[in-house]
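Dumped model02.cif below, it's mmCIF, C-alpha atoms:
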```cif
data_my_file
loop_
_atom_site.label_atom_id
_atom_site.label_comp_id
_atom_site.auth_asym_id
_atom_site.auth_seq_id
_atom_site.Cartn_x
_atom_site.Cartn_y
_atom_site.Cartn_z
CA MET K 1 58.21 -86.56 225.32
CA ARG K 2 60.80 -86.78 228.05
CA ASN K 3 61.05 -90.14 229.71
CA SER K 4 60.54 -90.62 233.42
CA GLY K 5 64.26 -90.99 233.98
CA GLU K 6 64.90 -87.46 232.78
CA ARG K 7 62.39 -85.92 235.18
CA GLY K 8 62.86 -88.38 238.02
CA ALA K 9 60.36 -91.19 238.39
CA THR K 10 57.36 -90.31 240.55
CA PRO K 11 56.03 -92.70 243.18
CA PHE K 12 53.02 -93.22 240.89
CA ASP K 13 54.63 -94.12 237.56
CA ARG K 14 53.21 -97.18 235.93
CA ARG K 15 53.50 -98.88 232.58
CA THR K 16 49.92 -98.74 231.37
CA GLY K 17 50.38 -98.86 227.64
CA GLY K 18 48.28 -95.71 227.51
CA PRO K 19 49.18 -93.24 224.76
CA LEU K 20 50.35 -90.69 227.35
CA ASP K 21 52.23 -93.16 229.54
CA GLY K 22 55.28 -91.47 231.07
CA LEU K 23 53.86 -87.95 230.91
CA LEU K 24 53.85 -85.98 234.19
CA ILE K 25 51.20 -83.30 234.68
CA ALA K 26 51.24 -80.75 237.49
CA ASP K 27 47.55 -79.93 237.85
CA LEU K 28 46.97 -76.55 239.48
CA GLY K 29 43.43 -76.41 238.10
CA ARG K 30 40.17 -76.15 240.01
CA VAL K 31 36.44 -76.64 239.52
CA LEU K 32 35.72 -77.89 235.98
CA ALA K 33 37.55 -76.72 232.83
CA GLY K 34 41.05 -77.54 234.05
CA PRO K 35 40.18 -80.67 236.03
CA TYR K 36 38.14 -82.09 233.14
CA CYS K 37 41.14 -81.63 230.83
CA THR K 38 43.59 -83.31 233.20
CA MET K 39 41.19 -86.15 233.96
CA LEU K 40 40.96 -86.98 230.26
CA LEU K 41 44.76 -86.90 230.01
CA GLY K 42 45.02 -89.08 233.12
CA ASP K 43 42.61 -91.59 231.57
CA LEU K 44 45.13 -91.96 228.75
CA GLY K 45 48.03 -92.87 231.01
CA ALA K 46 49.51 -89.54 232.15
CA THR K 47 50.54 -89.22 235.79
CA VAL K 48 48.51 -86.31 237.19
CA ILE K 49 49.45 -84.69 240.52
CA LYS K 50 46.65 -82.41 241.68
CA VAL K 51 47.79 -79.55 243.90
CA GLU K 52 45.15 -78.23 246.32
CA ASN K 53 45.03 -75.77 249.19
CA ALA K 54 43.97 -76.84 252.67
CA LEU K 55 40.27 -76.46 251.84
CA GLY K 56 40.60 -78.45 248.64
CA ASP K 57 39.14 -77.89 245.20
CA GLU K 58 35.99 -75.76 245.51
CA SER K 59 33.93 -78.46 243.84
CA ARG K 60 34.54 -80.80 246.79
CA SER K 61 31.84 -78.80 248.60
CA TRP K 62 29.38 -78.53 245.70
CA ALA K 63 26.38 -80.65 246.62
CA PRO K 64 23.91 -82.21 246.31
CA PRO K 65 24.12 -84.83 244.94
CA LEU K 66 26.52 -86.74 247.14
CA TYR K 67 28.11 -90.17 246.85
CA GLU K 68 29.02 -91.65 250.23
CA GLY K 69 29.36 -88.16 251.66
CA GLU K 70 31.46 -86.75 248.81
CA SER K 71 30.43 -84.32 246.08
CA SER K 72 29.57 -86.21 242.92
CA TYR K 73 30.54 -83.05 241.01
CA TYR K 74 34.11 -83.35 242.26
CA LEU K 75 34.21 -87.12 241.81
CA SER K 76 33.05 -86.85 238.20
CA VAL K 77 36.06 -84.84 236.96
CA ASN K 78 39.01 -85.90 239.12
CA ARG K 79 39.68 -89.60 238.64
CA ASN K 80 43.19 -90.84 237.81
CA LYS K 81 44.85 -88.13 239.90
CA HIS K 82 46.93 -87.91 243.07
CA SER K 83 46.17 -85.11 245.55
CA VAL K 84 48.73 -83.13 247.51
CA VAL K 85 47.98 -80.12 249.71
CA LEU K 86 50.50 -77.28 249.32
CA ASP K 87 50.04 -73.79 250.76
CA PHE K 88 51.64 -71.35 248.33
CA ASN K 89 51.97 -68.80 251.14
CA ASP K 90 54.20 -71.19 253.07
CA GLU K 91 57.84 -70.94 251.94
CA ASP K 92 58.53 -74.68 252.11
CA ASP K 93 55.28 -75.70 250.44
CA ARG K 94 55.81 -73.06 247.76
CA ALA K 95 59.26 -74.46 247.06
CA LEU K 96 57.79 -77.95 246.66
CA ALA K 97 55.15 -76.63 244.26
CA GLN K 98 57.88 -74.97 242.23
CA ARG K 99 59.91 -78.17 242.17
CA LEU K 100 56.89 -80.05 240.91
CA THR K 101 56.44 -77.62 238.02
CA TYR K 102 60.15 -77.84 237.18
CA ARG K 103 59.79 -81.61 236.85
CA ALA K 104 56.51 -81.63 234.94
CA ASP K 105 56.00 -82.17 231.23
CA VAL K 106 52.76 -80.19 231.47
CA VAL K 107 51.61 -77.58 233.96
CA LEU K 108 47.95 -76.61 233.91
CA GLU K 109 46.41 -73.74 235.86
CA ASN K 110 43.20 -71.70 235.83
CA PHE K 111 43.96 -68.91 238.25
CA LYS K 112 43.26 -65.31 237.35
CA PRO K 113 45.82 -64.11 234.76
CA GLY K 114 48.98 -63.14 236.64
CA GLY K 115 47.71 -64.63 239.89
CA LEU K 116 50.56 -67.15 240.18
CA ARG K 117 53.38 -64.69 239.47
CA ARG K 118 53.83 -63.74 243.14
CA PHE K 119 54.43 -67.41 243.93
CA GLY K 120 56.99 -68.02 241.19
CA LEU K 121 54.55 -70.41 239.51
CA ASP K 122 53.73 -68.39 236.39
CA TYR K 123 54.93 -69.41 232.93
CA ASP K 124 57.98 -67.13 232.86
CA SER K 125 59.22 -68.37 236.24
CA VAL K 126 58.58 -72.05 235.52
CA SER K 127 59.95 -72.05 231.97
CA ALA K 128 63.16 -70.37 233.16
CA GLN K 129 63.86 -73.59 235.08
CA ASN K 130 61.99 -75.99 232.80
CA PRO K 131 62.43 -74.62 229.25
CA ASP K 132 60.58 -77.39 227.44
CA VAL K 133 57.52 -77.32 229.70
CA ILE K 134 54.06 -77.12 228.16
CA TYR K 135 52.29 -74.61 230.37
CA ALA K 136 48.51 -74.35 229.83
CA SER K 137 46.60 -71.40 231.28
CA ILE K 138 42.80 -71.22 231.33
CA SER K 139 40.96 -68.00 232.16
CA GLY K 140 37.47 -66.66 231.73
CA PHE K 141 38.17 -63.76 229.41
CA GLY K 142 41.86 -63.78 228.51
CA SER K 143 44.83 -61.90 229.88
CA ALA K 144 44.14 -58.47 228.34
CA GLY K 145 41.09 -56.30 229.00
CA GLY K 146 39.07 -59.11 230.57
CA ALA K 147 41.76 -60.34 232.94
CA ALA K 148 40.03 -59.06 236.07
CA LEU K 149 36.63 -60.59 235.27
CA PRO K 150 35.70 -63.73 237.23
CA GLY K 151 35.74 -66.76 234.94
CA TYR K 152 32.39 -68.38 235.60
CA ASP K 153 30.69 -70.37 232.86
CA LEU K 154 27.33 -68.69 233.49
CA LEU K 155 28.84 -65.26 232.83
CA VAL K 156 30.27 -66.52 229.55
CA GLN K 157 26.93 -68.00 228.52
CA ALA K 158 25.43 -64.55 229.10
CA LEU K 159 28.16 -62.43 227.50
CA SER K 160 28.74 -64.67 224.47
CA GLY K 161 25.14 -64.47 223.29
CA MET K 162 24.49 -68.12 224.11
CA MET K 163 21.66 -67.33 226.53
CA ASP K 164 20.10 -64.91 224.05
CA ILE K 165 19.69 -67.69 221.47
CA THR K 166 18.50 -70.31 223.99
CA GLY K 167 14.87 -70.47 225.04
CA ALA K 168 11.41 -69.67 223.69
CA PRO K 169 11.12 -66.68 221.33
CA ASP K 170 8.69 -64.91 223.68
CA GLY K 171 10.39 -65.97 226.91
CA ASP K 172 13.60 -65.40 228.83
CA GLY K 173 17.03 -66.56 227.74
CA TYR K 174 18.19 -69.79 229.33
CA ARG K 175 21.55 -71.21 230.30
CA ALA K 176 22.49 -74.64 229.05
CA GLY K 177 21.81 -77.49 231.46
CA ILE K 178 25.56 -78.04 231.96
CA ALA K 179 28.54 -75.70 232.29
CA LEU K 180 28.86 -75.94 228.53
CA PHE K 181 31.81 -73.62 227.96
CA ASP K 182 33.82 -74.97 230.89
CA VAL K 183 33.57 -78.41 229.30
CA MET K 184 34.27 -77.06 225.82
CA THR K 185 37.32 -75.17 227.07
CA GLY K 186 38.58 -78.29 228.83
CA LEU K 187 38.35 -80.18 225.55
CA HIS K 188 40.10 -77.35 223.69
CA THR K 189 42.84 -77.47 226.32
CA VAL K 190 43.39 -81.18 225.69
CA MET K 191 43.80 -80.34 221.99
CA GLY K 192 46.19 -77.47 222.73
CA VAL K 193 48.33 -79.53 225.11
CA LEU K 194 48.62 -82.44 222.69
CA ALA K 195 49.50 -80.12 219.79
CA ALA K 196 52.18 -78.42 221.90
CA LEU K 197 53.59 -81.80 222.95
CA HIS K 198 53.79 -82.85 219.31
CA HIS K 199 55.66 -79.63 218.52
CA ARG K 200 58.02 -80.33 221.43
CA ASP K 201 58.66 -83.85 220.18
CA ARG K 202 59.79 -82.41 216.83
CA THR K 203 61.70 -79.35 218.05
CA GLY K 204 62.43 -79.74 221.77
CA GLU K 205 60.64 -76.45 222.42
CA GLY K 206 58.12 -75.89 225.18
CA GLN K 207 55.52 -73.14 225.05
CA HIS K 208 52.70 -71.32 226.79
CA VAL K 209 49.23 -72.46 225.70
CA GLU K 210 46.50 -69.96 226.64
CA LEU K 211 42.77 -70.54 226.53
CA ASN K 212 39.74 -68.67 227.76
CA LEU K 213 36.08 -69.53 228.07
CA LEU K 214 34.81 -66.68 225.91
CA ALA K 215 37.04 -67.57 222.95
CA SER K 216 35.96 -71.20 223.28
CA ALA K 217 32.33 -70.08 223.37
CA LEU K 218 32.59 -67.93 220.25
CA SER K 219 34.34 -70.73 218.39
CA GLY K 220 31.96 -73.39 219.67
CA MET K 221 28.85 -71.45 218.64
CA VAL K 222 30.00 -72.08 215.05
CA ASN K 223 27.20 -71.15 212.62
CA GLN K 224 25.64 -68.63 214.99
CA THR K 225 28.77 -66.54 215.52
CA GLY K 226 30.00 -67.34 212.00
CA GLY K 227 26.72 -66.21 210.50
CA TYR K 228 26.97 -62.91 212.34
CA VAL K 229 30.52 -62.07 211.27
CA LEU K 230 29.80 -63.11 207.66
CA SER K 231 26.42 -61.47 207.16
CA GLY K 232 25.90 -59.08 210.04
CA SER K 233 22.70 -60.93 210.91
CA VAL K 234 22.18 -61.27 214.66
CA PRO K 235 20.48 -64.60 215.53
CA HIS K 236 17.71 -64.69 218.12
CA ARG K 237 15.83 -67.30 220.10
CA LEU K 238 13.81 -69.80 218.12
CA GLY K 239 12.99 -72.17 220.96
CA ASN K 240 13.86 -75.65 219.77
CA ASP K 241 13.70 -74.78 216.08
CA HIS K 242 16.78 -74.60 213.89
CA PRO K 243 17.28 -71.25 212.12
CA SER K 244 18.11 -72.84 208.76
CA ILE K 245 16.55 -76.33 208.64
CA TYR K 246 12.96 -77.59 208.99
CA PRO K 247 11.57 -79.86 210.34
CA TYR K 248 14.37 -79.97 212.89
CA ALA K 249 12.69 -79.77 216.31
CA PRO K 250 10.60 -81.65 218.88
CA PHE K 251 7.04 -82.53 217.89
CA PRO K 252 4.23 -83.84 220.13
CA THR K 253 3.06 -87.43 219.76
CA ALA K 254 0.37 -89.44 221.53
CA ASP K 255 2.41 -89.64 224.75
CA GLY K 256 5.34 -87.22 224.62
CA ASP K 257 7.64 -85.35 222.28
CA ILE K 258 9.87 -86.79 219.59
CA VAL K 259 12.72 -84.86 218.00
CA ILE K 260 12.82 -85.04 214.22
CA ALA K 261 15.95 -83.86 212.41
CA ILE K 262 15.51 -83.56 208.65
CA GLY K 263 18.66 -82.34 206.92
CA ASN K 264 17.73 -82.61 203.23
CA ASP K 265 14.86 -83.05 200.80
CA ALA K 266 15.36 -86.82 200.40
CA GLN K 267 15.00 -87.29 204.15
CA PHE K 268 11.83 -85.22 204.10
CA ARG K 269 10.35 -87.48 201.43
CA THR K 270 11.14 -90.55 203.54
CA LEU K 271 9.57 -88.96 206.61
CA CYS K 272 6.40 -88.09 204.73
CA SER K 273 6.19 -91.58 203.26
CA GLU K 274 6.27 -93.14 206.72
CA LEU K 275 3.72 -90.62 208.02
CA GLY K 276 1.35 -91.38 205.18
CA LEU K 277 1.86 -87.93 203.67
CA ALA K 278 3.60 -88.95 200.46
CA GLU K 279 2.03 -86.09 198.51
CA LEU K 280 3.46 -83.40 200.80
CA PRO K 281 6.97 -83.18 199.24
CA GLU K 282 5.34 -82.47 195.87
CA ASP K 283 3.66 -79.37 197.25
CA PRO K 284 5.78 -76.37 196.12
CA ARG K 285 5.38 -74.84 199.55
CA PHE K 286 7.32 -77.73 201.12
CA SER K 287 9.39 -79.24 198.32
CA THR K 288 12.69 -77.64 199.36
CA ASN K 289 14.34 -76.97 202.68
CA ALA K 290 14.35 -73.22 202.07
CA ALA K 291 10.58 -73.30 201.44
CA ARG K 292 9.93 -75.44 204.51
CA SER K 293 12.01 -73.15 206.69
CA ARG K 294 10.15 -70.11 205.42
CA LEU K 295 6.69 -71.67 205.81
CA ARG K 296 7.30 -73.75 208.94
CA GLU K 297 4.16 -72.46 210.66
CA GLU K 298 2.07 -73.89 207.82
CA LEU K 299 3.88 -77.22 207.78
CA ARG K 300 4.00 -77.87 211.52
CA PRO K 301 0.28 -78.54 212.14
CA VAL K 302 0.19 -81.03 209.28
CA LEU K 303 3.01 -83.04 210.85
CA VAL K 304 1.63 -82.70 214.39
CA GLU K 305 -1.75 -84.07 213.37
CA ARG K 306 -0.24 -87.24 211.97
CA LEU K 307 2.34 -87.73 214.74
CA ALA K 308 -0.45 -87.60 217.35
CA GLU K 309 -1.66 -91.00 216.16
CA ARG K 310 1.17 -93.01 217.78
CA SER K 311 3.54 -92.88 220.75
CA ALA K 312 7.00 -91.36 220.67
CA GLN K 313 8.60 -94.79 221.07
CA ASP K 314 6.51 -96.24 218.24
CA TRP K 315 7.51 -93.42 215.91
CA PHE K 316 11.15 -93.70 217.00
CA GLU K 317 11.24 -97.36 216.05
CA ALA K 318 9.33 -96.94 212.80
CA LEU K 319 11.16 -93.86 211.56
CA SER K 320 14.60 -95.09 212.62
CA THR K 321 14.05 -98.27 210.62
CA ARG K 322 13.56 -96.07 207.55
CA GLY K 323 16.72 -94.06 208.31
CA VAL K 324 14.90 -90.93 209.50
CA ALA K 325 16.86 -89.09 212.19
CA CYS K 326 14.64 -88.87 215.26
CA ALA K 327 14.68 -89.46 219.01
CA PRO K 328 12.36 -89.36 222.00
CA ILE K 329 13.34 -86.84 224.68
CA LEU K 330 14.77 -88.82 227.60
CA ASP K 331 15.93 -87.78 231.04
CA VAL K 332 19.61 -88.24 231.96
CA GLY K 333 18.98 -91.71 233.35
CA GLY K 334 17.22 -92.65 230.16
CA GLY K 335 20.16 -91.37 228.15
CA VAL K 336 22.62 -93.55 230.04
CA ASP K 337 20.31 -96.56 229.71
CA PHE K 338 19.90 -95.97 225.97
CA ALA K 339 23.68 -95.89 225.54
CA ARG K 340 23.80 -99.24 227.36
CA ARG K 341 21.16 -100.73 225.08
CA ILE K 342 23.07 -99.84 221.92
CA GLY K 343 26.31 -101.31 223.24
CA LEU K 344 28.28 -98.19 224.14
CA ASP K 345 28.96 -99.41 227.70
CA PRO K 346 28.86 -95.87 229.09
CA VAL K 347 29.46 -96.78 232.74
CA VAL K 348 32.82 -98.02 233.96
CA THR K 349 34.21 -99.03 237.34
CA VAL K 350 36.77 -96.51 238.56
CA GLY K 351 39.40 -97.35 241.15
CA THR K 352 40.21 -100.50 243.07
CA GLY K 353 39.86 -101.93 246.55
CA ASP K 354 37.97 -99.87 249.11
CA ARG K 355 37.82 -96.77 246.89
CA GLN K 356 35.87 -98.00 243.92
CA MET K 357 32.93 -96.30 242.23
CA ALA K 358 31.05 -95.90 238.97
CA GLY K 359 32.08 -93.36 236.35
CA ILE K 360 31.35 -92.37 232.77
CA ARG K 361 33.57 -93.92 230.13
CA HIS K 362 36.29 -91.85 228.46
CA PRO K 363 34.80 -90.63 225.15
CA VAL K 364 37.61 -91.87 222.87
CA THR K 365 38.04 -95.56 221.98
CA PHE K 366 41.56 -96.66 221.01
CA SER K 367 42.20 -99.98 219.30
CA ARG K 368 45.67 -100.37 220.86
CA THR K 369 45.88 -98.08 223.89
CA PRO K 370 42.55 -98.03 225.74
CA ALA K 371 41.72 -95.56 228.47
CA ARG K 372 42.38 -96.65 232.06
CA TYR K 373 40.31 -96.13 235.19
CA ASP K 374 42.86 -97.11 237.82
CA HIS K 375 42.19 -94.45 240.44
CA ALA K 376 38.98 -92.96 241.77
CA ALA K 377 39.07 -89.22 242.48
CA PRO K 378 41.51 -88.73 245.35
CA VAL K 379 40.68 -87.76 248.89
CA LEU K 380 42.20 -84.43 249.88
CA ASP K 381 46.00 -84.83 250.29
CA GLY K 382 45.59 -88.56 249.75
CA SER K 383 49.03 -88.80 248.14
CA GLY K 384 50.54 -85.87 249.99
CA GLU K 385 53.16 -87.79 251.95
CA GLU K 386 54.49 -89.61 248.88
CA VAL K 387 54.57 -86.48 246.72
CA ARG K 388 56.29 -84.35 249.36
CA ARG K 389 58.86 -87.07 250.04
CA TRP K 390 59.58 -87.46 246.32
CA LEU K 391 59.98 -83.72 245.79
CA THR K 392 62.11 -83.26 248.90
CA ASP K 393 64.43 -86.21 248.29
CA ASP K 394 64.90 -86.14 244.55
CA SER K 395 64.37 -82.62 243.23
CA PRO K 396 66.94 -79.86 243.06
CA ALA K 397 66.16 -76.77 245.06
CA PRO K 398 64.71 -73.98 242.95
CA THR K 399 67.15 -71.22 242.08
CA GLU K 400 64.56 -68.55 242.73
CA ARG K 401 61.70 -68.40 245.19
CA ALA K 402 58.74 -66.09 245.10
CA THR K 403 58.31 -63.62 247.92
CA ASP K 404 55.49 -64.09 250.36
CA GLY K 405 52.25 -62.98 248.76
CA ASP K 406 48.68 -62.35 249.59
CA ALA K 407 46.39 -65.18 250.54
CA LEU K 408 46.02 -67.81 247.89
CA ALA K 409 42.36 -66.93 247.52
CA THR K 410 43.31 -63.53 246.11
CA ALA K 411 45.01 -65.26 243.21
CA ASN K 412 41.95 -67.35 242.42
CA ARG K 413 39.51 -66.31 239.78
#
```

Let me see whether you can do it: turn the structure in this file into structure tokens.
Amino acid sequence: MRNSGERGATPFDRRTGGPLDGLLIADLGRVLAGPYCTMLLGDLGATVIKVENALGDESRSWAPPLYEGESSYYLSVNRNKHSVVLDFNDEDDRALAQRLTYRADVVLENFKPGGLRRFGLDYDSVSAQNPDVIYASISGFGSAGGAALPGYDLLVQALSGMMDITGAPDGDGYRAGIALFDVMTGLHTVMGVLAALHHRDRTGEGQHVELNLLASALSGMVNQTGGYVLSGSVPHRLGNDHPSIYPYAPFPTADGDIVIAIGNDAQFRTLCSELGLAELPEDPRFSTNAARSRLREELRPVLVERLAERSAQDWFEALSTRGVACAPILDVGGGVDFARRIGLDPVVTVGTGDRQMAGIRHPVTFSRTPARYDHAAPVLDGSGEEVRRWLTDDSPAPTERATDGDALATANR
């Protein structure tokens, strides 16, 4: 990792003790996959400068819900960043954007493939001036035959097969309740960036790291896509059932559903013991997982009848005490509260002074270099003056400038 003296200290450098302290990230990302990645890196001490156009990141307008007039969507994925507005169609602003990328350790963008070339902000242009840069590009469908397709998570959920395996067997396919593959791709990008930085530390070499939502989806669907390529078997919707394990699904109780997740025969015996069905595992029809999976329609009513005798919370407490994997189905608020009750401290205070708000804790706990929550998501161009002054005063002029191009929106996905 280059130190801040080699790239020129930014106005925002700080000694946090974070594992990525001293790393400068030029964040040209928008919406979710890219911003989620750079937020996680910023939590770990990297200095993240978020470049926006005059309208700002699209997610600034995605509402409801709102928090004090701002989109909670935007606020949830943009903490620990500094915003600067630069118009790539303006020659001076474009030059500043180029200077930023020449200084950065990491550049991240999720424009359409090739969309930044006209501005001199593509990998070839940036790496010519900044050879050891780690340049991460996120697209919907890669830079080959799918380059022109818009990179929306919902399209990837449809095209990957995810929606076809989600929902009731006799109903319509459903999307996941979150932009699942945007988030997954953001996480994969963190992995790719850190791996490339490690390679640079050993060799001094930068590189282009490319990711796309569809590749992340096919990898992240693990046994479903893996089962298809290994056996040729196409999976289909099973509702909440697991294709290979049973019982592994929600079951009704006296006052709501409880999820029961039985992964082996020993766990099934424990479950049956607590349900007062100790003889059931001795029945050849249900003695093995393969048999239970095959005859699940015969087994289900037996379990449902017994589970109806008590509430979901009662069963959760009783079964958990015996080591049986189970859980009541909570709403999102209940999920956050449950994490509090078991000591995970999921909610943190982000920012200081007048701009302070709640946020969800960084998912990784470090014993020596904890995540930081120094800055709430920035207001549009909130650090613009400082960033522009730093780039104008301290950075060398770029040797090449892109020609005027089409409107920035035409480069967007």

All residues 6 Å or closer to stretch 319-332 of chain K, all atoms listed in the file, same chain fewer than 6 positions away omitted, as a ChimeraX atom specification: /K:258-261,312

Restricted to C-alpha atoms, what would the selected residues look like written as a short mmCIF file (atom, residue, chain, number, x, y, z; two decimals), in the coordinates of the input?
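Written file, again_37.cif:
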```cif
data_model
loop_
_atom_site.label_atom_id
_atom_site.label_comp_id
_atom_site.auth_asym_id
_atom_site.auth_seq_id
_atom_site.Cartn_x
_atom_site.Cartn_y
_atom_site.Cartn_z
CA ILE K 258 9.87 -86.79 219.59
CA VAL K 259 12.72 -84.86 218.00
CA ILE K 260 12.82 -85.04 214.22
CA ALA K 261 15.95 -83.86 212.41
CA ALA K 312 7.00 -91.36 220.67
#
```

Nearby residues (only C-alpha atoms) at most 6 Å from K:Val133, same-chain spacing under 2 positions excluded, as an NGL selection string: :K and (105-106 or 130-131 or 135 or 206)

Report as lines of an AutoDock Vina configuration file the centre and the edge lengths, in Å to one decimal, of the axis-aligned box holding every listed atom of stretch 146-153 of chain K, padded by 8 Å on each side.
```
center_x = 36.2
center_y = -64.7
center_z = 233.9
size_x = 27.1
size_y = 27.3
size_z = 22.7
```

Here's the selection I'm unsure about, the PyMOL selection byres ((chain K and resi 167) around 12); applied to the file above, which residues does it give, as a short mmCIF file (atom, residue, chain, number, x, y, z; two decimals) with C-alpha atoms, keeping the file's coordinate frame?
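Now in expr22.cif:
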```cif
data_model
loop_
_atom_site.label_atom_id
_atom_site.label_comp_id
_atom_site.auth_asym_id
_atom_site.auth_seq_id
_atom_site.Cartn_x
_atom_site.Cartn_y
_atom_site.Cartn_z
CA MET K 162 24.49 -68.12 224.11
CA MET K 163 21.66 -67.33 226.53
CA ASP K 164 20.10 -64.91 224.05
CA ILE K 165 19.69 -67.69 221.47
CA THR K 166 18.50 -70.31 223.99
CA ALA K 168 11.41 -69.67 223.69
CA PRO K 169 11.12 -66.68 221.33
CA ASP K 170 8.69 -64.91 223.68
CA GLY K 171 10.39 -65.97 226.91
CA ASP K 172 13.60 -65.40 228.83
CA GLY K 173 17.03 -66.56 227.74
CA TYR K 174 18.19 -69.79 229.33
CA ARG K 175 21.55 -71.21 230.30
CA ALA K 176 22.49 -74.64 229.05
CA GLY K 177 21.81 -77.49 231.46
CA HIS K 236 17.71 -64.69 218.12
CA ARG K 237 15.83 -67.30 220.10
CA LEU K 238 13.81 -69.80 218.12
CA GLY K 239 12.99 -72.17 220.96
CA ASN K 240 13.86 -75.65 219.77
CA ASP K 241 13.70 -74.78 216.08
#
```

From K:Thr225, K:Ala290, K:Leu303, K:Gly343, residue lying nearest K:Ala278 [only C-alpha atoms]: K:Leu303

Residue with smallest distance to K:Arg99 - pool K:Ala26, K:Gly145, K:Cys272, K:Ala54, counting only C-alpha atoms: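 Checking each of K:Ala26, K:Gly145, K:Cys272, K:Ala54 against K:Arg99, counting only C-alpha atoms, the winner is K:Ala26.
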
Selection near K:Glu386, 10 Å with all atoms listed in the file, sequence-local residues under 6 positions removed, as a list in words: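 So the residues in contact are Thr10, Pro11, Phe12, His82, Val84 and Thr392 of chain K.
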
Now that the selection is made, can you save its residues with C-alpha atoms as a tab-separated table (two decimals), in the coordinates of the input?
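Done, and the output landed in result.tsv:
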```
chain	number	residue	atom	x	y	z
K	10	THR	CA	57.36	-90.31	240.55
K	11	PRO	CA	56.03	-92.70	243.18
K	12	PHE	CA	53.02	-93.22	240.89
K	82	HIS	CA	46.93	-87.91	243.07
K	84	VAL	CA	48.73	-83.13	247.51
K	392	THR	CA	62.11	-83.26	248.90
```

Residue with smallest distance to K:Thr38 - pool K:Ser61, K:Thr185, K:Asn80, K:Thr349, counting only C-alpha atoms: K:Asn80

Local residues around (38.1, -86.8, 248.6), at most 10 Å away, using all atoms listed in the file, as a ChimeraX atom specification: /K:56-57,60,69-71,74-75,78,83,376-382

K:Arg294, K:Gly227, K:Gly45, K:Pro64 ranked by distance to K:Thr369, top pick (using all atoms listed in the file): K:Gly45

K:Ile245, K:Ile342, K:Ala358, K:Ala46 ranked by distance to K:Arg296, top pick (using only C-alpha atoms):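 That would be K:Ile245, the residue with the smallest distance to K:Arg296.
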
The PyMOL selection byres ((chain K and resi 94) around 10) applied to the shown file, residues as a list in words: Leu86, Asp87, Phe88, Asn89, Asp90, Glu91, Asp92, Asp93, Ala95, Leu96, Ala97, Gln98, Arg99, Leu100, Phe119, Gly120, Leu121, Arg401, Ala402, Thr403 and Asp404 of chain K

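Residues matched by the PyMOL selection byres ((chain K and resi 159) around 12) in this file: Gly140, Phe141, Gly146, Leu149, Gly151, Tyr152, Asp153, Leu154, Leu155, Val156, Gln157, Ala158, Ser160, Gly161, Met162, Met163, Asp164, Ile165, Gly173, Arg175, Phe181, Leu213, Leu214, Ala215, Ala217 and Leu218 of chain K.
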
Selection near K:Arg79, 9 Å with all atoms listed in the file, sequence-local residues under 4 positions removed, as a list in words: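 Contacts, with the query itself left out: Met39, Leu40, Gly42, Asp43, Leu75, Val350, Gly351, Gly359, Tyr373, Asp374, His375, Ala376, Ala377 and Pro378 of chain K.
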
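In this model, the gap between atom CA of K:Tyr102 and atom CA of K:Val126 comes to 6.2 Å.
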
Ref. answer, residues at most 8 Å from (50.0, -77.1, 228.0) with all atoms listed in the file, as a PyMOL selection string: chain K and resi 106-108+133-137+189+192-194+196-197+207-209

For atom CA of K:Glu205 and atom CA of K:Asp132, the interatomic separation in Å (one decimal):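 Pair atom CA of K:Glu205 / atom CA of K:Asp132 returns 5.1 Å.
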